[in-house]
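Structure data follow from entry.cif (mmCIF, C-alpha atoms):
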```cif
data_start
loop_
_atom_site.label_atom_id
_atom_site.label_comp_id
_atom_site.auth_asym_id
_atom_site.auth_seq_id
_atom_site.Cartn_x
_atom_site.Cartn_y
_atom_site.Cartn_z
CA MET A 1 0.00 0.00 0.00
CA TYR A 2 1.51 3.28 -1.06
CA ASN A 3 1.34 6.43 1.01
CA GLN A 4 -0.19 9.56 -0.47
CA ALA A 5 2.26 12.28 -1.37
CA LEU A 6 1.45 15.82 -0.29
CA PRO A 7 0.34 18.31 -2.91
CA ASP A 8 3.09 20.68 -1.79
CA ALA A 9 6.47 19.11 -2.64
CA SER A 10 8.44 21.81 -0.80
CA LEU A 11 7.09 20.60 2.57
CA VAL A 12 9.67 18.36 4.28
CA ALA A 13 10.48 16.96 7.70
CA CYS A 14 13.99 17.27 9.12
CA PRO A 15 15.62 13.79 9.14
CA HIS A 16 17.32 14.58 12.46
CA CYS A 17 14.43 16.10 14.44
CA ASP A 18 11.25 15.56 12.36
CA LEU A 19 10.38 19.28 12.35
CA LEU A 20 7.92 20.13 9.58
CA GLN A 21 9.10 22.94 7.39
CA ARG A 22 9.04 24.37 3.92
CA LEU A 23 12.21 24.23 1.81
CA PRO A 24 12.92 27.59 0.23
CA ASP A 25 13.86 27.82 -3.42
CA LEU A 26 17.63 27.94 -3.32
CA ALA A 27 20.18 29.57 -5.57
CA PRO A 28 22.98 27.22 -6.72
CA GLY A 29 25.54 26.83 -3.95
CA ALA A 30 23.12 27.95 -1.23
CA SER A 31 21.95 25.58 1.47
CA ALA A 32 18.93 25.26 3.75
CA ARG A 33 19.28 24.25 7.38
CA CYS A 34 16.76 23.08 9.94
CA PRO A 35 15.95 26.00 12.29
CA ARG A 36 15.62 23.66 15.26
CA CYS A 37 18.59 21.26 15.01
CA ASN A 38 20.77 22.94 12.36
CA GLU A 39 20.89 19.86 10.12
CA GLU A 40 21.64 20.71 6.50
CA LEU A 41 18.46 19.78 4.66
CA TRP A 42 19.49 20.59 1.13
CA ARG A 43 22.39 22.20 -0.66
CA ARG A 44 21.76 23.07 -4.26
CA ARG A 45 24.62 22.47 -6.68
CA GLU A 46 25.36 24.15 -9.91
CA ASP A 47 25.64 21.78 -12.87
CA SER A 48 25.62 18.90 -10.38
CA LEU A 49 25.29 15.95 -12.78
CA ASN A 50 28.05 16.97 -15.20
CA ARG A 51 30.53 17.82 -12.48
CA THR A 52 29.78 14.65 -10.55
CA LEU A 53 30.20 12.61 -13.74
CA ALA A 54 33.62 14.16 -14.43
CA LEU A 55 34.79 13.58 -10.87
CA THR A 56 33.44 10.02 -10.82
CA LEU A 57 35.37 9.18 -14.00
CA ALA A 58 38.52 10.64 -12.42
CA ALA A 59 37.86 8.52 -9.32
CA LEU A 60 37.46 5.42 -11.49
CA VAL A 61 40.86 5.93 -13.13
CA LEU A 62 42.56 6.55 -9.77
CA TYR A 63 40.77 3.55 -8.25
CA VAL A 64 42.02 1.22 -10.98
CA ILE A 65 45.59 2.50 -10.57
CA ALA A 66 45.43 2.29 -6.77
CA ASN A 67 44.35 -1.34 -6.90
CA SER A 68 46.60 -2.65 -9.63
CA VAL A 69 50.11 -1.44 -8.71
CA PRO A 70 52.17 -1.90 -5.52
CA MET A 71 51.45 0.51 -2.69
CA LEU A 72 54.47 -0.03 -0.45
CA GLY A 73 57.82 -1.67 -1.01
CA LEU A 74 60.47 -2.61 1.50
CA THR A 75 64.14 -3.57 1.38
CA ALA A 76 66.11 -4.89 4.32
CA VAL A 77 69.47 -6.65 4.22
CA GLY A 78 69.02 -8.00 0.74
CA HIS A 79 65.37 -8.96 1.18
CA GLN A 80 62.67 -7.28 -0.84
CA ALA A 81 58.94 -7.22 -0.36
CA SER A 82 56.01 -5.19 -1.62
CA THR A 83 52.32 -5.07 -1.01
CA THR A 84 49.19 -3.83 -2.75
CA VAL A 85 45.92 -2.67 -1.20
CA PHE A 86 44.54 -6.15 -1.84
CA GLY A 87 47.67 -7.65 -0.21
CA GLY A 88 46.75 -6.17 3.16
CA ALA A 89 43.63 -8.29 3.28
CA VAL A 90 45.30 -11.39 1.83
CA GLN A 91 47.96 -11.60 4.53
CA LEU A 92 45.35 -11.30 7.30
CA TRP A 93 43.40 -14.13 5.66
CA ARG A 94 46.52 -16.33 5.50
CA ASP A 95 47.23 -15.65 9.16
CA GLY A 96 43.81 -16.96 10.15
CA GLU A 97 42.03 -13.62 10.68
CA GLU A 98 39.43 -14.26 7.97
CA ILE A 99 36.77 -11.95 9.38
CA VAL A 100 39.09 -8.97 9.81
CA ALA A 101 40.51 -9.69 6.34
CA GLY A 102 36.99 -9.51 4.93
CA LEU A 103 36.38 -6.22 6.71
CA VAL A 104 39.62 -4.71 5.39
CA LEU A 105 38.82 -5.91 1.87
CA PHE A 106 35.31 -4.50 2.11
CA ALA A 107 36.30 -1.09 3.51
CA ALA A 108 39.38 -0.62 1.32
CA VAL A 109 38.42 -2.20 -2.01
CA ILE A 110 34.81 -3.35 -2.36
CA ALA A 111 32.91 -0.39 -0.81
CA PRO A 112 34.89 2.30 -2.66
CA GLY A 113 34.42 0.33 -5.89
CA LEU A 114 30.68 0.08 -5.29
CA GLN A 115 30.54 3.77 -4.47
CA ILE A 116 32.14 4.63 -7.82
CA ALA A 117 29.99 2.13 -9.74
CA PHE A 118 26.74 3.32 -8.10
CA MET A 119 27.58 6.96 -8.63
CA LEU A 120 28.49 6.40 -12.28
CA ALA A 121 25.26 4.52 -12.98
CA ILE A 122 23.17 7.08 -11.08
CA VAL A 123 24.66 10.06 -12.87
CA LEU A 124 24.31 8.43 -16.29
CA GLY A 125 20.75 7.25 -15.55
CA ALA A 126 19.75 10.64 -14.17
CA ARG A 127 20.67 12.36 -17.43
CA ARG A 128 17.50 10.98 -18.96
CA GLU A 129 14.48 13.22 -18.80
CA ARG A 130 12.67 10.82 -16.44
CA PRO A 131 15.29 8.71 -14.59
CA PRO A 132 14.15 5.06 -14.36
CA THR A 133 13.36 3.34 -11.04
CA TRP A 134 16.69 1.49 -10.89
CA VAL A 135 18.40 4.83 -10.39
CA GLY A 136 16.40 5.12 -7.17
CA ILE A 137 17.46 1.63 -6.08
CA LEU A 138 21.11 2.59 -6.49
CA LEU A 139 20.56 5.96 -4.79
CA ARG A 140 19.15 4.10 -1.80
CA HIS A 141 22.35 2.09 -1.39
CA LEU A 142 24.75 4.96 -2.06
CA PRO A 143 24.88 6.16 1.59
CA THR A 144 25.68 2.62 2.77
CA SER A 145 28.59 2.29 0.37
CA ARG A 146 29.76 5.72 1.52
CA THR A 147 29.63 4.77 5.21
CA TRP A 148 31.79 1.71 4.73
CA SER A 149 34.19 3.07 2.13
CA MET A 150 37.21 4.11 4.17
CA ILE A 151 39.89 5.17 1.71
CA GLU A 152 40.94 8.17 3.80
CA VAL A 153 41.14 6.10 6.98
CA MET A 154 43.17 3.45 5.18
CA LEU A 155 45.55 6.08 3.85
CA LEU A 156 46.26 7.30 7.37
CA GLY A 157 46.74 3.69 8.45
CA VAL A 158 49.21 3.09 5.64
CA LEU A 159 51.17 6.21 6.58
CA VAL A 160 51.39 5.09 10.20
CA ALA A 161 52.50 1.60 9.09
CA LEU A 162 55.06 3.19 6.79
CA ILE A 163 56.60 5.22 9.62
CA LYS A 164 56.53 2.23 11.94
CA ILE A 165 58.37 0.03 9.45
CA ALA A 166 60.78 2.79 8.42
CA GLU A 167 62.61 2.18 11.69
CA LEU A 168 63.33 -1.40 10.67
CA ALA A 169 63.84 -1.22 6.94
CA THR A 170 63.91 1.09 3.95
CA VAL A 171 60.35 1.75 2.79
CA ILE A 172 59.59 2.71 -0.79
CA PRO A 173 56.21 4.40 -1.34
CA GLY A 174 54.57 2.99 -4.46
CA LEU A 175 52.48 4.63 -7.17
CA ALA A 176 49.28 3.32 -5.60
CA LEU A 177 49.94 5.38 -2.50
CA PHE A 178 49.88 8.60 -4.51
CA ALA A 179 46.81 7.46 -6.43
CA LEU A 180 45.06 6.84 -3.10
CA GLY A 181 46.04 10.28 -1.85
CA ALA A 182 44.47 11.87 -4.93
CA LEU A 183 41.44 9.57 -4.65
CA VAL A 184 40.63 10.89 -1.17
CA PHE A 185 40.25 14.42 -2.56
CA VAL A 186 38.37 13.35 -5.69
CA PHE A 187 35.93 11.34 -3.55
CA ALA A 188 35.30 14.36 -1.33
CA ALA A 189 34.72 16.61 -4.35
CA MET A 190 32.47 13.99 -5.97
CA GLN A 191 30.24 13.84 -2.90
CA ALA A 192 30.23 17.60 -2.47
CA ASN A 193 29.02 18.18 -6.03
CA PHE A 194 26.29 15.58 -6.02
CA ASP A 195 22.75 16.72 -5.26
CA PRO A 196 20.52 13.67 -4.64
CA ARG A 197 17.41 15.81 -4.23
CA GLU A 198 17.70 16.98 -7.81
CA VAL A 199 17.64 13.37 -9.01
CA TRP A 200 14.78 12.35 -6.68
CA GLU A 201 12.65 15.20 -7.94
CA ARG A 202 12.75 13.92 -11.50
CA ILE A 203 12.74 10.17 -10.93
CA GLU A 204 9.98 7.84 -12.09
CA TRP A 205 7.66 7.19 -9.14
CA ALA A 206 7.30 3.66 -7.80
CA ALA A 207 3.57 4.14 -7.26
CA ALA A 208 3.06 5.30 -10.84
CA ARG A 209 4.95 2.29 -12.09
CA ALA A 210 2.85 -0.11 -10.00
CA ARG A 211 -0.40 1.34 -11.40
CA PRO A 212 0.19 2.26 -15.04
CA THR A 213 -3.45 3.39 -15.26
CA ALA A 214 -2.49 6.38 -13.13
CA ALA A 215 -0.89 7.67 -16.33
CA GLY A 216 2.50 7.79 -14.63
CA ASP A 217 1.77 11.32 -13.67
CA ARG A 218 2.77 12.36 -10.23
CA THR A 219 0.17 15.09 -9.99
CA VAL A 220 -2.44 12.32 -9.99
CA GLU A 221 -0.78 10.96 -6.84
CA ALA A 222 -0.41 14.37 -5.33
CA THR A 223 -3.96 15.63 -5.62
CA PRO A 224 -5.91 14.51 -2.57
CA MET B 1 8.81 35.64 18.13
CA SER B 2 8.13 32.03 18.88
CA THR B 3 6.49 29.32 16.86
CA THR B 4 4.81 26.14 17.98
CA VAL B 5 6.89 23.10 17.14
CA LEU B 6 5.11 20.81 14.76
CA THR B 7 6.62 17.52 13.74
CA ALA B 8 5.69 15.30 10.83
CA MET B 9 4.66 12.53 13.22
CA GLN B 10 2.22 14.82 15.06
CA GLN B 11 0.61 15.57 11.71
CA GLY B 12 0.46 11.86 10.84
CA LEU B 13 3.04 12.34 8.09
CA GLN B 14 5.96 10.05 7.35
CA SER B 15 9.17 11.28 5.85
CA CYS B 16 11.11 8.82 3.72
CA GLU B 17 14.57 8.03 5.05
CA VAL B 18 15.82 7.23 1.56
CA CYS B 19 14.45 9.97 -0.69
CA GLY B 20 13.13 12.53 1.80
CA LEU B 21 9.58 12.61 0.41
CA LEU B 22 6.89 13.51 2.91
CA SER B 23 3.71 11.45 2.58
CA ARG B 24 0.55 10.44 4.41
CA PRO B 25 -0.38 6.81 5.12
CA ALA B 26 -3.62 5.65 3.51
CA PRO B 27 -6.68 6.05 5.79
CA GLY B 28 -6.76 3.34 8.44
CA GLU B 29 -3.21 2.23 7.71
CA ASP B 30 -0.28 2.71 10.08
CA GLU B 31 2.52 2.43 7.62
CA GLY B 32 2.87 2.17 3.90
CA ARG B 33 5.41 2.48 1.14
CA CYS B 34 6.99 5.61 -0.21
CA PRO B 35 5.17 6.40 -3.48
CA ARG B 36 8.39 7.74 -4.98
CA CYS B 37 11.14 5.26 -4.03
CA ASP B 38 9.17 2.23 -2.72
CA GLU B 39 10.88 2.28 0.70
CA GLU B 40 8.83 0.94 3.63
CA LEU B 41 7.90 3.94 5.73
CA VAL B 42 7.77 4.18 9.50
CA PHE B 43 7.33 7.11 11.86
CA ARG B 44 10.46 6.11 13.83
CA LYS B 45 13.07 3.42 13.26
CA PRO B 46 11.55 0.24 14.73
CA HIS B 47 13.02 -0.83 18.10
CA SER B 48 15.70 1.80 17.71
CA LEU B 49 16.61 1.95 21.41
CA GLN B 50 16.70 -1.82 21.95
CA ARG B 51 18.84 -2.40 18.88
CA THR B 52 21.22 0.42 19.73
CA TRP B 53 21.55 -0.89 23.30
CA ALA B 54 22.31 -4.36 21.96
CA TYR B 55 25.10 -3.06 19.70
CA VAL B 56 26.53 -0.80 22.43
CA ILE B 57 26.58 -3.59 25.02
CA ALA B 58 28.20 -5.98 22.54
CA ALA B 59 30.79 -3.30 21.70
CA ALA B 60 31.49 -2.68 25.40
CA ILE B 61 32.05 -6.41 25.93
CA CYS B 62 34.50 -6.58 23.01
CA TYR B 63 36.23 -3.43 24.23
CA LEU B 64 38.08 -5.25 27.03
CA PRO B 65 39.74 -8.02 24.97
CA ALA B 66 40.36 -5.44 22.23
CA ASN B 67 42.58 -3.46 24.58
CA LEU B 68 44.00 -6.25 26.74
CA LEU B 69 44.88 -8.83 24.10
CA PRO B 70 47.81 -8.28 21.70
CA VAL B 71 46.96 -7.17 18.17
CA LEU B 72 50.31 -7.90 16.51
CA THR B 73 52.99 -10.53 16.97
CA THR B 74 56.49 -9.74 15.72
CA THR B 75 58.77 -12.73 15.24
CA THR B 76 62.50 -12.08 15.04
CA ALA B 77 65.60 -14.18 15.66
CA ALA B 78 65.16 -13.34 19.34
CA GLY B 79 61.72 -14.97 19.38
CA PRO B 80 58.11 -13.78 19.11
CA GLU B 81 56.91 -10.64 20.83
CA SER B 82 53.32 -9.39 21.06
CA ASP B 83 51.98 -5.86 21.33
CA THR B 84 48.62 -4.53 22.41
CA ILE B 85 47.09 -1.38 20.91
CA LEU B 86 48.49 0.78 23.73
CA GLN B 87 51.96 -0.74 23.37
CA GLY B 88 51.78 0.09 19.67
CA VAL B 89 51.16 3.72 20.59
CA VAL B 90 54.13 3.72 22.96
CA LEU B 91 56.37 2.09 20.33
CA LEU B 92 55.47 4.79 17.86
CA TRP B 93 56.45 7.53 20.30
CA SER B 94 59.75 9.06 19.21
CA PRO B 95 61.15 12.56 18.65
CA THR B 96 59.88 12.48 15.06
CA GLY B 97 56.97 10.06 15.29
CA TRP B 98 55.03 11.53 18.21
CA PRO B 99 52.33 13.28 16.12
CA LEU B 100 51.38 9.94 14.56
CA SER B 101 51.54 8.33 17.96
CA LEU B 102 49.02 10.88 19.21
CA ILE B 103 46.76 10.27 16.19
CA VAL B 104 46.74 6.53 16.87
CA LEU B 105 46.16 7.11 20.58
CA PHE B 106 43.22 9.34 19.71
CA ALA B 107 41.74 7.10 16.99
CA SER B 108 42.27 3.73 18.66
CA ILE B 109 41.80 4.35 22.35
CA MET B 110 39.96 7.60 22.92
CA ILE B 111 37.42 7.51 20.07
CA PRO B 112 36.07 3.99 20.73
CA SER B 113 35.61 4.59 24.46
CA ALA B 114 34.16 8.09 23.92
CA LYS B 115 31.78 6.65 21.34
CA ILE B 116 30.47 3.99 23.70
CA LEU B 117 30.03 6.53 26.52
CA ALA B 118 28.33 9.04 24.21
CA LEU B 119 25.87 6.45 22.92
CA VAL B 120 25.06 5.30 26.46
CA TYR B 121 24.44 8.93 27.44
CA LEU B 122 22.15 9.47 24.43
CA LEU B 123 20.25 6.24 25.10
CA ILE B 124 19.73 7.01 28.79
CA THR B 125 18.62 10.62 28.25
CA VAL B 126 16.17 9.56 25.52
CA GLN B 127 14.75 6.81 27.71
CA ARG B 128 14.29 9.23 30.60
CA GLY B 129 12.41 11.61 28.32
CA SER B 130 14.90 14.41 28.79
CA VAL B 131 14.01 17.72 27.13
CA GLU B 132 17.26 19.47 28.01
CA ASN B 133 20.38 20.07 25.95
CA ASN B 134 18.71 18.88 22.77
CA GLU B 135 21.04 20.94 20.57
CA GLN B 136 24.11 19.59 22.36
CA ARG B 137 22.82 16.04 22.20
CA ILE B 138 22.16 16.17 18.46
CA ARG B 139 25.62 17.69 17.99
CA LEU B 140 27.10 14.85 20.02
CA TYR B 141 25.25 12.34 17.84
CA ARG B 142 26.60 13.93 14.65
CA MET B 143 30.11 13.98 16.05
CA VAL B 144 29.92 10.28 16.93
CA GLU B 145 28.56 9.56 13.45
CA PHE B 146 31.30 11.56 11.76
CA ILE B 147 34.31 10.49 13.77
CA GLY B 148 33.54 6.79 14.27
CA ARG B 149 35.09 5.49 11.07
CA TRP B 150 38.52 6.80 12.04
CA SER B 151 38.88 4.11 14.69
CA MET B 152 39.50 1.71 11.82
CA VAL B 153 42.98 3.22 11.45
CA ASP B 154 44.60 0.64 13.69
CA VAL B 155 43.08 -2.26 11.77
CA PHE B 156 44.63 -0.89 8.57
CA VAL B 157 47.98 -0.20 10.26
CA ASP B 158 48.17 -3.80 11.47
CA ALA B 159 46.94 -5.26 8.17
CA PHE B 160 49.54 -3.46 6.09
CA THR B 161 52.36 -3.94 8.60
CA ALA B 162 51.66 -7.67 8.58
CA SER B 163 51.42 -7.89 4.81
CA LEU B 164 54.66 -5.97 4.23
CA VAL B 165 56.93 -7.30 6.93
CA GLN B 166 57.25 -10.88 5.70
CA LEU B 167 61.02 -11.35 5.75
CA GLN B 168 61.24 -14.94 6.92
CA PRO B 169 63.34 -16.09 8.64
CA LEU B 170 64.70 -12.66 9.53
CA MET B 171 61.55 -11.00 10.73
CA SER B 172 57.81 -11.37 10.27
CA VAL B 173 54.70 -9.74 11.66
CA ALA B 174 51.35 -11.49 12.10
CA PRO B 175 47.99 -10.36 13.47
CA ALA B 176 47.05 -11.51 16.98
CA PRO B 177 43.61 -12.28 18.49
CA GLY B 178 43.04 -8.74 19.87
CA LEU B 179 42.68 -7.40 16.33
CA PHE B 180 39.42 -9.27 15.81
CA PHE B 181 37.90 -7.77 18.96
CA PHE B 182 39.17 -4.32 18.08
CA ALA B 183 37.60 -4.49 14.61
CA ALA B 184 34.42 -5.78 16.25
CA VAL B 185 34.26 -2.70 18.52
CA VAL B 186 34.57 -0.39 15.50
CA VAL B 187 31.91 -2.20 13.46
CA LEU B 188 29.49 -2.64 16.37
CA THR B 189 29.65 1.03 17.35
CA MET B 190 29.10 2.05 13.72
CA LEU B 191 26.04 -0.22 13.57
CA ALA B 192 24.84 1.25 16.89
CA VAL B 193 25.03 4.78 15.46
CA GLU B 194 23.12 3.65 12.39
CA SER B 195 20.30 2.04 14.37
CA PHE B 196 19.85 5.06 16.66
CA ASP B 197 17.05 7.36 15.53
CA PRO B 198 18.11 10.96 16.32
CA ARG B 199 14.50 12.14 16.09
CA LEU B 200 13.91 10.40 19.43
CA ILE B 201 16.07 13.09 21.06
CA TRP B 202 13.43 15.67 20.14
CA ASP B 203 10.28 13.66 20.65
CA SER B 204 9.79 14.40 24.36
CA ALA B 205 10.23 18.11 23.69
CA SER B 206 7.80 18.00 20.76
CA SER B 207 5.13 16.16 22.71
CA ARG B 208 5.24 18.81 25.42
CA GLU B 209 4.63 21.55 22.86
CA VAL B 210 7.78 23.35 23.92
CA ARG B 211 8.16 26.62 22.15
CA TYR B 212 11.38 27.71 20.58
CA ALA B 213 12.53 31.09 19.49
#
```
Exercise: express the given structure as structure tokens:
Amino acid sequence: MYNQALPDASLVACPHCDLLQRLPDLAPGASARCPRCNEELWRRREDSLNRTLALTLAALVLYVIANSVPMLGLTAVGHQASTTVFGGAVQLWRDGEEIVAGLVLFAAVIAPGLQIAFMLAIVLGARRERPPTWVGILLRHLPTSRTWSMIEVMLLGVLVALIKIAELATVIPGLALFALGALVFVFAAMQANFDPREVWERIEWAAARARPTAAGDRTVEATP
Amino acid sequence: MSTTVLTAMQQGLQSCEVCGLLSRPAPGEDEGRCPRCDEELVFRKPHSLQRTWAYVIAAAICYLPANLLPVLTTTTAAGPESDTILQGVVLLWSPTGWPLSLIVLFASIMIPSAKILALVYLLITVQRGSVENNEQRIRLYRMVEFIGRWSMVDVFVDAFTASLVQLQPLMSVAPAPGLFFFAAVVVLTMLAVESFDPRLIWDSASSREVRYA
């Protein structure tokens, strides 16, 4: 059973305190905050889809580099070793810490990859005049992939490990390390330029899809 | 000038957690689906307090072995040696390395304990129906939400140290049992934050028709 949408689409409730309020019409770059709890309700972005697409493609390139070349190398008394991002998880798995290995793999490789893939599909799908429902399905999972994608945390961890090991051996930073450093900034810019509200406002409604007789027109849903 | 606080719930409206659309359940129904994104709608996250308590208590239980058990074992010619999280911080302390040592101390020891305490404080004040310090409590919630992921630093430090230092028979580093509990604390507290519904902080104030300027 679907709920009935309100006729006035600018009426919203704050996700952090449930206060009913009306969203003002914002100029690009401006943001609206909840008067009670100061949560940012909406920030309008200029040219959001194009900029996000460009940044997502940049993130994709950096992601591929970061995961395909060595991240750290080490030489000590004739021995040599190197590791990739993936290698961090593999060694934990070999040492019997399968669950922690899975967590590291998820936070360092899988979640960032999903975040890029979701974002790319969303931005491309949202360029259509009426974005299809699957764009909404991906949009729903985007925050989850963002929560568990921990590139910036991993980078700090790698730097600490690097300094720790530097006392024992000569450490050689690899190309992947620099790619990860750039990826942190590209990810931040990608998120900052994306405006999910803009996509939601144009998306094909689930209720209209379930009842094609409703002409797929959202005003039919909205009129009480 | 003051306005009467009106929440969506008081008006019988549900706001979608996924797409933000405000909608009204069909007459006679308690909950329905979001007409825009198909999400199941509720007024408040179901069993939010119980679930958050469960995650917080589980995290608190794991907190002890996480800090008492070693997280890394270093094997050299002199034999194996194990370090706990705190010993790792001390080892990192040097004339040049002290800033990183402080970062690890902050991320690995202070953040997890502060997170557990903050969540317990939020849970207790919500359960007691507190109407005070709402702004500070929501700020605390946002801080816990924002900062929580950084506790994972130590897991990454240990993972990459272990994967790089494999110079058998000279020297090798392997993870130790404490690492599992430490990672569990991080994940459980993140799940606790996710299952907590911040709107509960404001509900007692809203139901008393408190006015705000």
When the cut-off is 7 Å and we count only C-alpha atoms, which residues of chain B are near chain A, given as a tab-separated table (two decimals) with C-alpha atoms, in the frame of the given file?
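For reference, out_11.tsv as written:
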```
chain	number	residue	atom	x	y	z
B	6	LEU	CA	5.11	20.81	14.76
B	7	THR	CA	6.62	17.52	13.74
B	8	ALA	CA	5.69	15.30	10.83
B	15	SER	CA	9.17	11.28	5.85
B	18	VAL	CA	15.82	7.23	1.56
B	19	CYS	CA	14.45	9.97	-0.69
B	21	LEU	CA	9.58	12.61	0.41
B	22	LEU	CA	6.89	13.51	2.91
B	23	SER	CA	3.71	11.45	2.58
B	24	ARG	CA	0.55	10.44	4.41
B	25	PRO	CA	-0.38	6.81	5.12
B	26	ALA	CA	-3.62	5.65	3.51
B	32	GLY	CA	2.87	2.17	3.90
B	33	ARG	CA	5.41	2.48	1.14
B	34	CYS	CA	6.99	5.61	-0.21
B	35	PRO	CA	5.17	6.40	-3.48
B	36	ARG	CA	8.39	7.74	-4.98
B	37	CYS	CA	11.14	5.26	-4.03
B	38	ASP	CA	9.17	2.23	-2.72
B	92	LEU	CA	55.47	4.79	17.86
B	100	LEU	CA	51.38	9.94	14.56
B	135	GLU	CA	21.04	20.94	20.57
B	150	TRP	CA	38.52	6.80	12.04
B	152	MET	CA	39.50	1.71	11.82
B	153	VAL	CA	42.98	3.22	11.45
B	154	ASP	CA	44.60	0.64	13.69
B	156	PHE	CA	44.63	-0.89	8.57
B	157	VAL	CA	47.98	-0.20	10.26
B	159	ALA	CA	46.94	-5.26	8.17
B	160	PHE	CA	49.54	-3.46	6.09
B	161	THR	CA	52.36	-3.94	8.60
B	162	ALA	CA	51.66	-7.67	8.58
B	163	SER	CA	51.42	-7.89	4.81
B	164	LEU	CA	54.66	-5.97	4.23
B	167	LEU	CA	61.02	-11.35	5.75
B	174	ALA	CA	51.35	-11.49	12.10
B	175	PRO	CA	47.99	-10.36	13.47
B	180	PHE	CA	39.42	-9.27	15.81
B	183	ALA	CA	37.60	-4.49	14.61
B	198	PRO	CA	18.11	10.96	16.32
B	199	ARG	CA	14.50	12.14	16.09
B	202	TRP	CA	13.43	15.67	20.14
```
Quiz item: Selected by the PyMOL selection byres ((chain B and resi 195) around 6) in the shown coordinates: which residues, as a list in words?
Solution: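 For this structure, the PyMOL selection byres ((chain B and resi 195) around 6) captures Ser48, Thr52, Ala192, Val193, Glu194 and Phe196 of chain B.
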Quiz item: To one decimal place, how far is atom CA of Arg44 of chain A from atom CA of Pro28 of chain A in Å?
Solution: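 Atom-to-atom, atom CA of Arg44 of chain A to atom CA of Pro28 of chain A, that is 5.0 Å.
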Exercise. Starting from the shown file, work through the PyMOL selection byres ((chain B and resi 179) around 9) and note down what comes out as a ChimeraX atom specification.
Key: /A:97,100 /B:66,69-72,84-85,154-155,158,175-178,180-184
Exercise. Run the PyMOL selection byres ((chain A and resi 180-191) around 6) on the file and write out the hits as an MDAnalysis selection string.
Key: chainID A and resid 52 55 59 66 152 177:179 192:194
Quiz item: Between B:Ser172, B:Ile138, B:Arg51, B:Asn67, which is the closest to Leu105 of chain B once you count only C-alpha atoms?
Solution: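 So, comparing all the options, the nearest one is B:Asn67.
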Exercise. Do a neighbour search on Val131 of chain B at 10 Å with all atoms listed in the file, toss out local chain neighbours closer than 3 positions, and write the hits as a PyMOL selection string.
Key: chain B and resi 125-126+128+134+201-206+208+210
Self-check item: Spatial neighbours of Glu81 of chain B, 10 Å, only C-alpha atoms, chain gap at least 5 places, as a list in words
Solution: Pro70, Leu72, Thr73, Thr74, Thr75, Thr76 and Val173 of chain B
Where's the centre, and what are the edge lengths in Å to one decimal, of a box along x, y and z enclosing all listed atoms of segment 128-146 of chain A padded 6 Å per side, as JSON?
```
{"center_x": 21.2, "center_y": 7.4, "center_z": -8.1, "size_x": 29.1, "size_y": 23.7, "size_z": 33.7}
```
